[in-house]
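Visitor: File work.cif follows (mmCIF, C-alpha atoms and all ligand atoms):
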```
data_run
loop_
_atom_site.label_atom_id
_atom_site.label_comp_id
_atom_site.auth_asym_id
_atom_site.auth_seq_id
_atom_site.Cartn_x
_atom_site.Cartn_y
_atom_site.Cartn_z
CA MET L 1162 97.38 114.38 100.84
CA GLY L 1163 93.82 113.71 102.01
CA ARG L 1164 92.84 113.20 105.60
CA ARG L 1165 92.88 109.76 107.12
CA LEU L 1166 89.54 109.19 108.81
CA GLY L 1167 88.80 106.35 111.19
CA VAL L 1168 85.26 105.04 111.53
CA MET L 1169 84.45 103.12 114.70
CA GLY L 1170 81.05 101.47 114.43
CA GLY L 1171 79.32 99.82 117.35
CA THR L 1172 76.16 99.39 119.35
CA PHE L 1173 77.90 101.05 122.32
CA ASP L 1174 75.32 99.65 124.74
CA PRO L 1175 77.20 100.92 126.74
CA ILE L 1176 80.50 102.27 125.37
CA HIS L 1177 83.49 101.01 127.41
CA HIS L 1178 87.29 101.18 127.62
CA GLY L 1179 87.67 98.35 125.06
CA HIS L 1180 86.09 100.61 122.41
CA LEU L 1181 88.08 103.67 123.43
CA LEU L 1182 91.40 101.85 123.53
CA THR L 1183 90.73 100.27 120.12
CA ALA L 1184 89.97 103.65 118.54
CA GLU L 1185 92.98 105.34 120.14
CA GLU L 1186 95.36 102.56 119.09
CA ALA L 1187 94.01 102.74 115.52
CA ALA L 1188 94.56 106.51 115.48
CA VAL L 1189 98.14 106.15 116.68
CA GLN L 1190 99.16 103.03 114.73
CA PHE L 1191 97.58 104.18 111.44
CA GLY L 1192 98.14 107.93 111.71
CA LEU L 1193 94.44 108.79 111.64
CA HIS L 1194 93.59 112.47 111.97
CA GLN L 1195 90.18 111.75 113.42
CA VAL L 1196 88.08 108.81 114.57
CA ILE L 1197 84.33 109.11 114.10
CA PHE L 1198 82.28 106.93 116.46
CA VAL L 1199 79.09 105.81 114.77
CA PRO L 1200 76.50 104.33 117.14
CA THR L 1201 74.23 101.96 115.22
CA GLY L 1202 70.55 102.65 114.72
CA ARG L 1203 68.83 99.30 114.85
CA PRO L 1204 71.58 96.70 114.45
CA TRP L 1205 70.20 93.92 112.23
CA MET L 1206 72.50 91.30 113.71
CA LYS L 1207 71.24 92.06 117.23
CA ALA L 1208 67.54 91.66 116.37
CA ASP L 1209 67.32 88.90 118.99
CA ARG L 1210 67.74 91.20 121.98
CA GLU L 1211 66.33 94.52 123.20
CA VAL L 1212 68.84 97.28 122.39
CA THR L 1213 68.81 100.45 124.51
CA PRO L 1214 67.19 103.46 122.76
CA ALA L 1215 69.63 105.11 120.36
CA GLU L 1216 69.53 108.48 122.12
CA HIS L 1217 70.95 106.97 125.34
CA ARG L 1218 73.69 105.15 123.43
CA TYR L 1219 74.50 108.30 121.47
CA LEU L 1220 74.79 110.43 124.63
CA MET L 1221 76.97 107.86 126.41
CA THR L 1222 79.27 107.84 123.35
CA VAL L 1223 79.48 111.66 123.42
CA ILE L 1224 80.28 111.62 127.15
CA ALA L 1225 82.98 108.96 126.71
CA THR L 1226 84.72 110.66 123.78
CA ALA L 1227 84.37 114.34 124.78
CA SER L 1228 87.85 114.72 126.27
CA ASN L 1229 89.71 113.34 123.23
CA PRO L 1230 90.36 116.02 120.58
CA ARG L 1231 90.65 113.37 117.84
CA PHE L 1232 87.31 111.68 118.62
CA THR L 1233 83.91 112.77 117.29
CA VAL L 1234 80.48 111.12 117.24
CA SER L 1235 78.15 110.88 114.25
CA ARG L 1236 74.36 110.59 114.32
CA ILE L 1237 74.31 109.27 110.76
CA GLU L 1238 73.05 105.79 111.65
CA ILE L 1239 70.69 106.69 114.46
CA ASP L 1240 68.96 109.36 112.35
CA ARG L 1241 68.50 106.98 109.43
CA PRO L 1242 65.26 104.97 109.52
CA GLY L 1243 65.30 101.20 109.04
CA PRO L 1244 67.99 98.65 109.82
CA THR L 1245 71.64 99.68 109.95
CA TYR L 1246 74.07 98.58 107.25
CA THR L 1247 77.71 99.60 107.43
CA VAL L 1248 77.93 99.82 103.65
CA ASP L 1249 75.33 102.62 103.60
CA THR L 1250 77.23 104.48 106.31
CA LEU L 1251 80.55 104.23 104.50
CA ARG L 1252 78.92 105.38 101.27
CA ALA L 1253 77.49 108.44 103.07
CA LEU L 1254 80.81 109.25 104.79
CA ARG L 1255 82.57 108.88 101.44
CA GLU L 1256 80.24 111.57 100.04
CA GLN L 1257 80.68 113.84 103.07
CA HIS L 1258 84.48 113.53 102.94
CA PRO L 1259 85.35 112.98 99.26
CA ASP L 1260 89.08 113.58 99.76
CA ALA L 1261 89.51 111.47 102.89
CA GLU L 1262 90.85 107.94 103.11
CA LEU L 1263 88.48 105.87 105.24
CA PHE L 1264 89.57 103.26 107.79
CA PHE L 1265 86.83 101.14 109.31
CA VAL L 1266 87.91 99.93 112.74
CA THR L 1267 86.45 96.76 114.29
CA GLY L 1268 87.32 94.18 116.89
CA ALA L 1269 88.27 90.65 115.87
CA ASP L 1270 84.73 89.32 116.39
CA ALA L 1271 83.17 91.90 114.10
CA MET L 1272 85.81 91.34 111.42
CA LEU L 1273 85.16 87.61 111.43
CA GLU L 1274 81.48 88.39 110.82
CA ILE L 1275 82.14 90.95 108.12
CA PHE L 1276 81.99 88.40 105.36
CA HIS L 1277 78.36 87.75 106.20
CA TRP L 1278 77.60 91.46 105.89
CA LYS L 1279 75.71 93.08 103.04
CA ASP L 1280 77.91 93.73 99.97
CA PRO L 1281 81.38 92.84 101.34
CA GLU L 1282 82.99 93.66 97.99
CA GLU L 1283 81.65 97.18 98.04
CA LEU L 1284 82.72 97.54 101.68
CA PHE L 1285 86.32 96.80 100.77
CA ALA L 1286 86.13 99.26 97.86
CA LEU L 1287 85.01 102.03 100.22
CA ALA L 1288 87.46 101.66 103.10
CA HIS L 1289 90.47 99.95 104.58
CA PHE L 1290 89.59 97.60 107.42
CA ILE L 1291 91.48 97.45 110.70
CA ALA L 1292 90.77 94.39 112.82
CA ALA L 1293 91.84 94.78 116.45
CA THR L 1294 92.79 91.74 118.50
CA ARG L 1295 90.18 90.95 121.15
CA PRO L 1296 90.41 88.35 123.94
CA GLY L 1297 88.34 85.27 123.14
CA TYR L 1298 88.42 85.71 119.35
CA ASP L 1299 91.13 84.14 117.23
CA LEU L 1300 92.32 86.10 114.21
CA ALA L 1301 95.11 83.68 113.35
CA HIS L 1302 93.12 81.78 110.77
CA PHE L 1303 91.94 85.02 109.27
CA GLU L 1304 95.41 86.56 109.31
CA ALA L 1305 96.80 83.58 107.43
CA GLU L 1306 94.49 84.05 104.48
CA ALA L 1307 93.85 87.78 104.70
CA PRO L 1308 96.89 89.19 102.84
CA THR L 1309 95.98 87.48 99.60
CA ALA L 1310 92.22 87.16 99.93
CA HIS L 1311 91.59 90.54 101.54
CA PRO L 1312 94.43 92.96 100.96
CA LYS L 1313 92.47 95.80 102.54
CA VAL L 1314 92.21 94.18 105.98
CA THR L 1315 95.02 94.76 108.46
CA VAL L 1316 95.23 93.07 111.85
CA MET L 1317 96.11 95.47 114.67
CA ASN L 1318 97.57 94.22 117.93
CA ILE L 1319 96.31 96.09 120.99
CA PRO L 1320 96.65 95.50 124.75
CA ALA L 1321 94.02 92.89 125.64
CA LEU L 1322 90.99 94.15 127.53
CA ALA L 1323 88.42 91.43 128.19
CA ILE L 1324 85.62 93.97 128.54
CA SER L 1325 82.26 93.65 126.79
CA SER L 1326 79.00 95.61 126.89
CA THR L 1327 77.18 92.32 127.51
CA ASP L 1328 79.18 91.73 130.69
CA ILE L 1329 78.65 95.33 131.84
CA ARG L 1330 74.87 95.07 131.34
CA GLN L 1331 74.82 91.82 133.29
CA ARG L 1332 76.86 93.35 136.09
CA VAL L 1333 74.42 96.25 136.43
CA ARG L 1334 71.48 93.84 136.44
CA GLU L 1335 73.14 91.82 139.21
CA GLY L 1336 74.24 94.86 141.22
CA ARG L 1337 77.95 94.10 140.68
CA PRO L 1338 80.56 96.85 140.11
CA ILE L 1339 81.33 98.38 136.71
CA ARG L 1340 83.77 101.08 137.84
CA TYR L 1341 87.03 101.12 135.78
CA LEU L 1342 85.45 99.11 132.95
CA LEU L 1343 84.11 102.30 131.37
CA PRO L 1344 84.51 106.08 131.82
CA GLU L 1345 83.21 107.45 135.12
CA GLY L 1346 80.81 109.80 133.27
CA VAL L 1347 79.19 106.89 131.46
CA LYS L 1348 78.80 105.02 134.75
CA SER L 1349 77.08 108.07 136.23
CA TYR L 1350 74.79 108.35 133.20
CA ILE L 1351 73.78 104.68 133.52
CA GLU L 1352 72.93 105.19 137.20
CA LYS L 1353 71.11 108.47 136.61
CA GLU L 1354 68.94 107.02 133.83
CA GLY L 1355 68.48 103.64 135.51
CA LEU L 1356 69.74 101.71 132.49
CA TYR L 1357 70.26 97.92 132.45
CA ARG L 1358 68.40 97.19 135.70
P1 LIG F 1 78.04 93.45 123.04
O1 LIG F 1 78.55 92.55 124.11
O2 LIG F 1 76.71 94.09 123.35
O3 LIG F 1 78.12 92.86 121.64
P2 LIG F 1 80.60 94.75 122.64
O4 LIG F 1 81.40 94.92 123.88
O5 LIG F 1 80.96 93.63 121.73
O6 LIG F 1 79.06 94.70 123.02
P3 LIG F 1 80.00 96.41 120.39
O7 LIG F 1 79.31 97.72 120.47
O8 LIG F 1 79.29 95.21 119.91
O9 LIG F 1 80.62 96.12 121.86
O10 LIG F 1 81.38 96.55 119.59
C1 LIG F 1 81.71 97.60 118.73
C2 LIG F 1 83.09 97.32 118.14
O11 LIG F 1 84.09 97.36 119.17
C3 LIG F 1 83.20 95.93 117.51
O12 LIG F 1 83.99 96.04 116.34
C4 LIG F 1 83.90 95.12 118.57
O13 LIG F 1 84.61 94.05 118.02
C5 LIG F 1 84.85 96.16 119.17
N1 LIG F 1 85.20 95.86 120.57
C6 LIG F 1 84.35 95.86 121.63
N2 LIG F 1 85.00 95.55 122.77
C7 LIG F 1 86.29 95.32 122.44
C8 LIG F 1 87.46 94.94 123.19
N3 LIG F 1 87.39 94.71 124.50
N4 LIG F 1 88.63 94.81 122.51
C9 LIG F 1 88.68 95.01 121.17
N5 LIG F 1 87.61 95.39 120.40
C10 LIG F 1 86.43 95.53 121.02
MG MG F 2 79.66 93.03 120.18
#
```
Produce structure tokens that represent the structure in this file.
Guide:
Amino acid sequence: MGRRLGVMGGTFDPIHHGHLLTAEEAAVQFGLHQVIFVPTGRPWMKADREVTPAEHRYLMTVIATASNPRFTVSRIEIDRPGPTYTVDTLRALREQHPDAELFFVTGADAMLEIFHWKDPEELFALAHFIAATRPGYDLAHFEAEAPTAHPKVTVMNIPALAISSTDIRQRVREGRPIRYLLPEGVKSYIEKEGLYR
């Protein structure tokens, strides 16, 4: 049997416990051997705001995932020039791991957007999709139609963490605490590099 590989895409600006919990729950609930975190290069759907340089986001992702033997980080999107499309990433991972079964892990908000992504049909041909519950986003409507319309999307219930990178950036800007929302090492990195001020 081939390996079951999770792919956790995100801007990770910064990575936080919501991302880590989602990836860990996916690994446990779906028996994934490994979860590859893939920080985006230039996310096309976030063209309206300034995204932190990819190297910072990559390093914070490495720091956050280092202690988990099942987690790895890929530079595939940040080393690729031009805008980031998940379909290109999945195609490349498919080639790198021809025998593996791919599981693309997202939160509810990202899954609701997926149908506006480039080539949704090809996406579903390349991977299974796991949509994690996330506070503030309702998957009920999606869940009702998903089994027939999108047999390759599975909703995954996880403990609710109302944490977002947007809120963390705002907290740093306002001098409010971020401890316990993300790993201590990532907090230190943010302070050391003066990010989000
Ligand atoms: P931003 O506020 O900048 O959009 P974010 O917190 O949404 O940041 P992203 O990097 O955009 O983080 O998200 C990457 C993936 O992680 C997405 O699929 C998103 O749905 C999922 N995710 C992020 N936070 C959570 C959370 N608290 N619970 C469940 N899924 C989450
Ligand atoms: Mg987001």
Visitor: So that I can check the surroundings of L:Glu1352, please list as a list in words every protein, DNA and RNA residue that reaches within 12 Å of it, counting all atoms listed in the file and ignoring chain neighbours fewer than 2 positions away.
Guide: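 Contacts, in chain order: Met1221, Arg1330, Val1333, Arg1334, Gly1336, Pro1338, Ile1339, Arg1340, Glu1345, Gly1346, Val1347, Lys1348, Ser1349, Tyr1350, Glu1354, Gly1355, Leu1356, Tyr1357 and Arg1358 of chain L.
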Visitor: Kindly assemble as CSV a list of the chain L residues that lie within 8 Å of ligand MG 2 (chain F), each paired with its nearest atom pair and their distance in Å to one decimal, using only C-alpha atoms and all ligand atoms, sorted first by chain and then by ascending residue number.
Guide:
```
residue,atom,partner,partner_atom,distance
L:Gly1171,CA,F:MG2,MG,7.4
L:Thr1172,CA,F:MG2,MG,7.3
L:Asp1270,CA,F:MG2,MG,7.3
L:Ala1271,CA,F:MG2,MG,7.1
L:Ser1325,CA,F:MG2,MG,7.1
L:Ser1326,CA,F:MG2,MG,7.2
L:Thr1327,CA,F:MG2,MG,7.8
```
Visitor: What does the distance from atom CA of L:Phe1290 to atom CA of L:Lys1313 come to in Å, to one decimal?
Guide: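 Taking atom CA of L:Phe1290 as the start and atom CA of L:Lys1313 as the end point, the length is 5.9 Å.
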Visitor: At what distance in Å, to one decimal, does atom CA of L:Ile1319 lie from atom CA of L:Glu1186?
Guide: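 Atom CA of L:Ile1319 lies 6.8 Å from atom CA of L:Glu1186.
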Visitor: Determine, for each residue of chain L having at least one atom at most 9 Å from an atom of ligand LIG 1 (chain F), the closest pair of atoms and their separation in Å to one decimal, counting only C-alpha atoms and all ligand atoms; order by chain and ascending number, as a Markdown table.
Guide:
```
| residue | atom | partner | partner_atom | distance |
| --- | --- | --- | --- | --- |
| L:Met1169 | CA | F:LIG1 | C2 | 6.9 |
| L:Gly1170 | CA | F:LIG1 | C1 | 5.8 |
| L:Gly1171 | CA | F:LIG1 | C1 | 3.5 |
| L:Thr1172 | CA | F:LIG1 | O7 | 3.7 |
| L:Phe1173 | CA | F:LIG1 | O7 | 4.1 |
| L:Asp1174 | CA | F:LIG1 | O2 | 5.9 |
| L:Pro1175 | CA | F:LIG1 | O7 | 7.3 |
| L:Ile1176 | CA | F:LIG1 | O7 | 6.8 |
| L:His1177 | CA | F:LIG1 | N2 | 7.3 |
| L:His1178 | CA | F:LIG1 | N3 | 7.2 |
| L:Gly1179 | CA | F:LIG1 | N3 | 3.7 |
| L:His1180 | CA | F:LIG1 | O11 | 5.0 |
| L:Leu1181 | CA | F:LIG1 | O11 | 8.6 |
| L:Leu1182 | CA | F:LIG1 | N4 | 7.6 |
| L:Thr1183 | CA | F:LIG1 | C9 | 5.7 |
| L:Ala1184 | CA | F:LIG1 | O11 | 8.6 |
| L:Pro1200 | CA | F:LIG1 | O7 | 7.9 |
| L:Thr1201 | CA | F:LIG1 | O7 | 8.4 |
| L:Lys1207 | CA | F:LIG1 | O3 | 8.2 |
| L:Val1212 | CA | F:LIG1 | O2 | 8.5 |
| L:Val1266 | CA | F:LIG1 | O12 | 6.6 |
| L:Thr1267 | CA | F:LIG1 | O12 | 3.3 |
| L:Gly1268 | CA | F:LIG1 | O13 | 2.9 |
| L:Ala1269 | CA | F:LIG1 | O13 | 5.4 |
| L:Asp1270 | CA | F:LIG1 | O13 | 5.0 |
| L:Ala1271 | CA | F:LIG1 | O13 | 4.7 |
| L:Met1272 | CA | F:LIG1 | O12 | 7.0 |
| L:Ala1292 | CA | F:LIG1 | O12 | 7.8 |
| L:Ala1293 | CA | F:LIG1 | C9 | 5.7 |
| L:Thr1294 | CA | F:LIG1 | C9 | 5.9 |
| L:Arg1295 | CA | F:LIG1 | C9 | 4.3 |
| L:Pro1296 | CA | F:LIG1 | N4 | 6.9 |
| L:Ile1319 | CA | F:LIG1 | C9 | 7.7 |
| L:Pro1320 | CA | F:LIG1 | N4 | 8.4 |
| L:Ala1321 | CA | F:LIG1 | N4 | 6.5 |
| L:Leu1322 | CA | F:LIG1 | N3 | 4.7 |
| L:Ala1323 | CA | F:LIG1 | N3 | 5.0 |
| L:Ile1324 | CA | F:LIG1 | N3 | 4.5 |
| L:Ser1325 | CA | F:LIG1 | O4 | 3.3 |
| L:Ser1326 | CA | F:LIG1 | O4 | 3.9 |
| L:Thr1327 | CA | F:LIG1 | O1 | 3.7 |
| L:Asp1328 | CA | F:LIG1 | O1 | 6.7 |
| L:Ile1329 | CA | F:LIG1 | O1 | 8.2 |
| L:Arg1330 | CA | F:LIG1 | O2 | 8.3 |
```
Visitor: Report, in Å to a single decimal, how far apart atom CA of L:Leu1287 and atom CA of L:Arg1255 are.
Guide: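 Answer for the atom CA of L:Arg1255 to atom CA of L:Leu1287 separation: 7.4 Å.
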Visitor: Excluding L:Pro1230 and any residue of its chain fewer than 4 positions from it, enumerate the residues within 12 Å of it, using all atoms listed in the file, and give them as a PDB file with C-alpha atoms, in the frame of the given file.
Guide:
```pdb
ATOM      1  CA  GLU L1185      92.980 105.340 120.140  1.00  0.00           C
ATOM      2  CA  ALA L1188      94.560 106.510 115.480  1.00  0.00           C
ATOM      3  CA  HIS L1194      93.590 112.470 111.970  1.00  0.00           C
ATOM      4  CA  GLN L1195      90.180 111.750 113.420  1.00  0.00           C
ATOM      5  CA  VAL L1196      88.080 108.810 114.570  1.00  0.00           C
ATOM      6  CA  ILE L1197      84.330 109.110 114.100  1.00  0.00           C
ATOM      7  CA  ALA L1225      82.980 108.960 126.710  1.00  0.00           C
ATOM      8  CA  THR L1226      84.720 110.660 123.780  1.00  0.00           C
ATOM      9  CA  VAL L1234      80.480 111.120 117.240  1.00  0.00           C
TER      10      VAL L1234
END
```
Visitor: For a quick check of understanding, using all atoms listed in the file, which of L:Leu1273, L:Ala1261, L:Leu1300, L:Val1248 has the smallest distance to L:Ala1286?
Guide: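 Between L:Leu1273, L:Ala1261, L:Leu1300, L:Val1248, the residue approaching L:Ala1286 most closely is L:Val1248.
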Visitor: Go through L:Ala1301, L:Pro1281, L:Gly1202, L:Val1314 one by one, measure the shortest atom-to-atom distance of each to L:Phe1265 using all atoms listed in the file, and give the residue with the smallest value.
Guide: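 Nearest to L:Phe1265: L:Val1314.
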Visitor: So that I can check the surroundings of L:Ala1253, please list as a tab-separated table (two decimals) with C-alpha atoms, in the frame of the given file every protein, DNA and RNA residue that reaches within 12 Å of it, counting all atoms listed in the file and ignoring chain neighbours fewer than 2 positions away.
Guide:
```
chain	number	residue	atom	x	y	z
L	1168	VAL	CA	85.26	105.04	111.53
L	1235	SER	CA	78.15	110.88	114.25
L	1236	ARG	CA	74.36	110.59	114.32
L	1237	ILE	CA	74.31	109.27	110.76
L	1238	GLU	CA	73.05	105.79	111.65
L	1241	ARG	CA	68.50	106.98	109.43
L	1246	TYR	CA	74.07	98.58	107.25
L	1247	THR	CA	77.71	99.60	107.43
L	1248	VAL	CA	77.93	99.82	103.65
L	1249	ASP	CA	75.33	102.62	103.60
L	1250	THR	CA	77.23	104.48	106.31
L	1251	LEU	CA	80.55	104.23	104.50
L	1255	ARG	CA	82.57	108.88	101.44
L	1256	GLU	CA	80.24	111.57	100.04
L	1257	GLN	CA	80.68	113.84	103.07
L	1258	HIS	CA	84.48	113.53	102.94
L	1259	PRO	CA	85.35	112.98	99.26
L	1263	LEU	CA	88.48	105.87	105.24
L	1287	LEU	CA	85.01	102.03	100.22
```
Visitor: Around stretch 1318-1326 of chain L, fit a box with edges along x, y and z, padding it by 4 Å on each side, then list its centre and edge lengths in Å to one decimal as lines of an AutoDock Vina configuration file.
Guide:
```
center_x = 88.3
center_y = 93.8
center_z = 123.2
size_x = 26.6
size_y = 12.7
size_z = 18.6
```
Visitor: Considering all atoms listed in the file, can you say which of L:Ile1351, L:Gln1331, L:Phe1198, L:Glu1274 comes closest to L:Asn1229?
Guide: L:Phe1198
Visitor: Complete the atom set of stretch 1181-1202 of chain L to N, CA, C and O atoms and return it as an mmCIF file, in the coordinates of the input.
Guide:
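And here's part-v8.cif as it stands now:
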```cif
data_model
loop_
_atom_site.group_PDB
_atom_site.id
_atom_site.type_symbol
_atom_site.label_atom_id
_atom_site.label_comp_id
_atom_site.auth_asym_id
_atom_site.auth_seq_id
_atom_site.Cartn_x
_atom_site.Cartn_y
_atom_site.Cartn_z
ATOM 1 N N LEU L 1181 87.256 102.446 123.434
ATOM 2 C CA LEU L 1181 88.080 103.670 123.430
ATOM 3 C C LEU L 1181 89.543 103.332 123.148
ATOM 4 O O LEU L 1181 90.214 104.009 122.370
ATOM 5 N N LEU L 1182 90.021 102.264 123.764
ATOM 6 C CA LEU L 1182 91.400 101.850 123.530
ATOM 7 C C LEU L 1182 91.599 101.436 122.063
ATOM 8 O O LEU L 1182 92.594 101.792 121.433
ATOM 9 N N THR L 1183 90.646 100.703 121.513
ATOM 10 C CA THR L 1183 90.730 100.270 120.120
ATOM 11 C C THR L 1183 90.825 101.468 119.178
ATOM 12 O O THR L 1183 91.676 101.512 118.280
ATOM 13 N N ALA L 1184 89.975 102.466 119.403
ATOM 14 C CA ALA L 1184 89.970 103.650 118.540
ATOM 15 C C ALA L 1184 91.267 104.439 118.680
ATOM 16 O O ALA L 1184 91.842 104.906 117.690
ATOM 17 N N GLU L 1185 91.759 104.581 119.901
ATOM 18 C CA GLU L 1185 92.980 105.340 120.140
ATOM 19 C C GLU L 1185 94.186 104.634 119.517
ATOM 20 O O GLU L 1185 95.042 105.267 118.889
ATOM 21 N N GLU L 1186 94.254 103.317 119.681
ATOM 22 C CA GLU L 1186 95.360 102.560 119.090
ATOM 23 C C GLU L 1186 95.328 102.660 117.562
ATOM 24 O O GLU L 1186 96.362 102.782 116.921
ATOM 25 N N ALA L 1187 94.138 102.623 116.982
ATOM 26 C CA ALA L 1187 94.010 102.740 115.520
ATOM 27 C C ALA L 1187 94.515 104.111 115.078
ATOM 28 O O ALA L 1187 95.242 104.230 114.087
ATOM 29 N N ALA L 1188 94.146 105.153 115.831
ATOM 30 C CA ALA L 1188 94.560 106.510 115.480
ATOM 31 C C ALA L 1188 96.083 106.614 115.495
ATOM 32 O O ALA L 1188 96.697 107.170 114.579
ATOM 33 N N VAL L 1189 96.696 106.051 116.529
ATOM 34 C CA VAL L 1189 98.140 106.150 116.680
ATOM 35 C C VAL L 1189 98.863 105.259 115.660
ATOM 36 O O VAL L 1189 99.750 105.696 114.936
ATOM 37 N N GLN L 1190 98.449 103.983 115.582
ATOM 38 C CA GLN L 1190 99.160 103.030 114.730
ATOM 39 C C GLN L 1190 98.985 103.322 113.240
ATOM 40 O O GLN L 1190 99.833 102.986 112.429
ATOM 41 N N PHE L 1191 97.858 103.931 112.855
ATOM 42 C CA PHE L 1191 97.580 104.180 111.440
ATOM 43 C C PHE L 1191 97.597 105.658 111.072
ATOM 44 O O PHE L 1191 97.203 106.022 109.971
ATOM 45 N N GLY L 1192 98.033 106.500 111.994
ATOM 46 C CA GLY L 1192 98.140 107.930 111.710
ATOM 47 C C GLY L 1192 96.829 108.572 111.301
ATOM 48 O O GLY L 1192 96.787 109.380 110.371
ATOM 49 N N LEU L 1193 95.749 108.224 111.980
ATOM 50 C CA LEU L 1193 94.440 108.790 111.640
ATOM 51 C C LEU L 1193 94.302 110.182 112.250
ATOM 52 O O LEU L 1193 94.679 110.406 113.400
ATOM 53 N N HIS L 1194 93.782 111.113 111.467
ATOM 54 C CA HIS L 1194 93.590 112.470 111.970
ATOM 55 C C HIS L 1194 92.401 112.553 112.900
ATOM 56 O O HIS L 1194 92.332 113.397 113.783
ATOM 57 N N GLN L 1195 91.431 111.682 112.668
ATOM 58 C CA GLN L 1195 90.180 111.750 113.420
ATOM 59 C C GLN L 1195 89.562 110.356 113.445
ATOM 60 O O GLN L 1195 89.733 109.584 112.504
ATOM 61 N N VAL L 1196 88.881 110.045 114.536
ATOM 62 C CA VAL L 1196 88.080 108.810 114.570
ATOM 63 C C VAL L 1196 86.636 109.197 114.858
ATOM 64 O O VAL L 1196 86.344 109.850 115.863
ATOM 65 N N ILE L 1197 85.761 108.813 113.950
ATOM 66 C CA ILE L 1197 84.330 109.110 114.100
ATOM 67 C C ILE L 1197 83.651 107.875 114.697
ATOM 68 O O ILE L 1197 83.680 106.795 114.089
ATOM 69 N N PHE L 1198 83.068 108.021 115.859
ATOM 70 C CA PHE L 1198 82.280 106.930 116.460
ATOM 71 C C PHE L 1198 80.884 106.988 115.867
ATOM 72 O O PHE L 1198 80.254 108.051 115.836
ATOM 73 N N VAL L 1199 80.400 105.854 115.408
ATOM 74 C CA VAL L 1199 79.090 105.810 114.770
ATOM 75 C C VAL L 1199 78.196 104.796 115.491
ATOM 76 O O VAL L 1199 78.233 103.593 115.184
ATOM 77 N N PRO L 1200 77.421 105.263 116.479
ATOM 78 C CA PRO L 1200 76.500 104.330 117.140
ATOM 79 C C PRO L 1200 75.454 103.838 116.131
ATOM 80 O O PRO L 1200 74.947 104.619 115.333
ATOM 81 N N THR L 1201 75.176 102.542 116.172
ATOM 82 C CA THR L 1201 74.230 101.960 115.220
ATOM 83 C C THR L 1201 72.800 102.385 115.549
ATOM 84 O O THR L 1201 72.461 102.659 116.700
ATOM 85 N N GLY L 1202 71.982 102.413 114.525
ATOM 86 C CA GLY L 1202 70.550 102.650 114.720
ATOM 87 C C GLY L 1202 69.956 101.385 115.299
ATOM 88 O O GLY L 1202 70.067 101.092 116.483
#
```
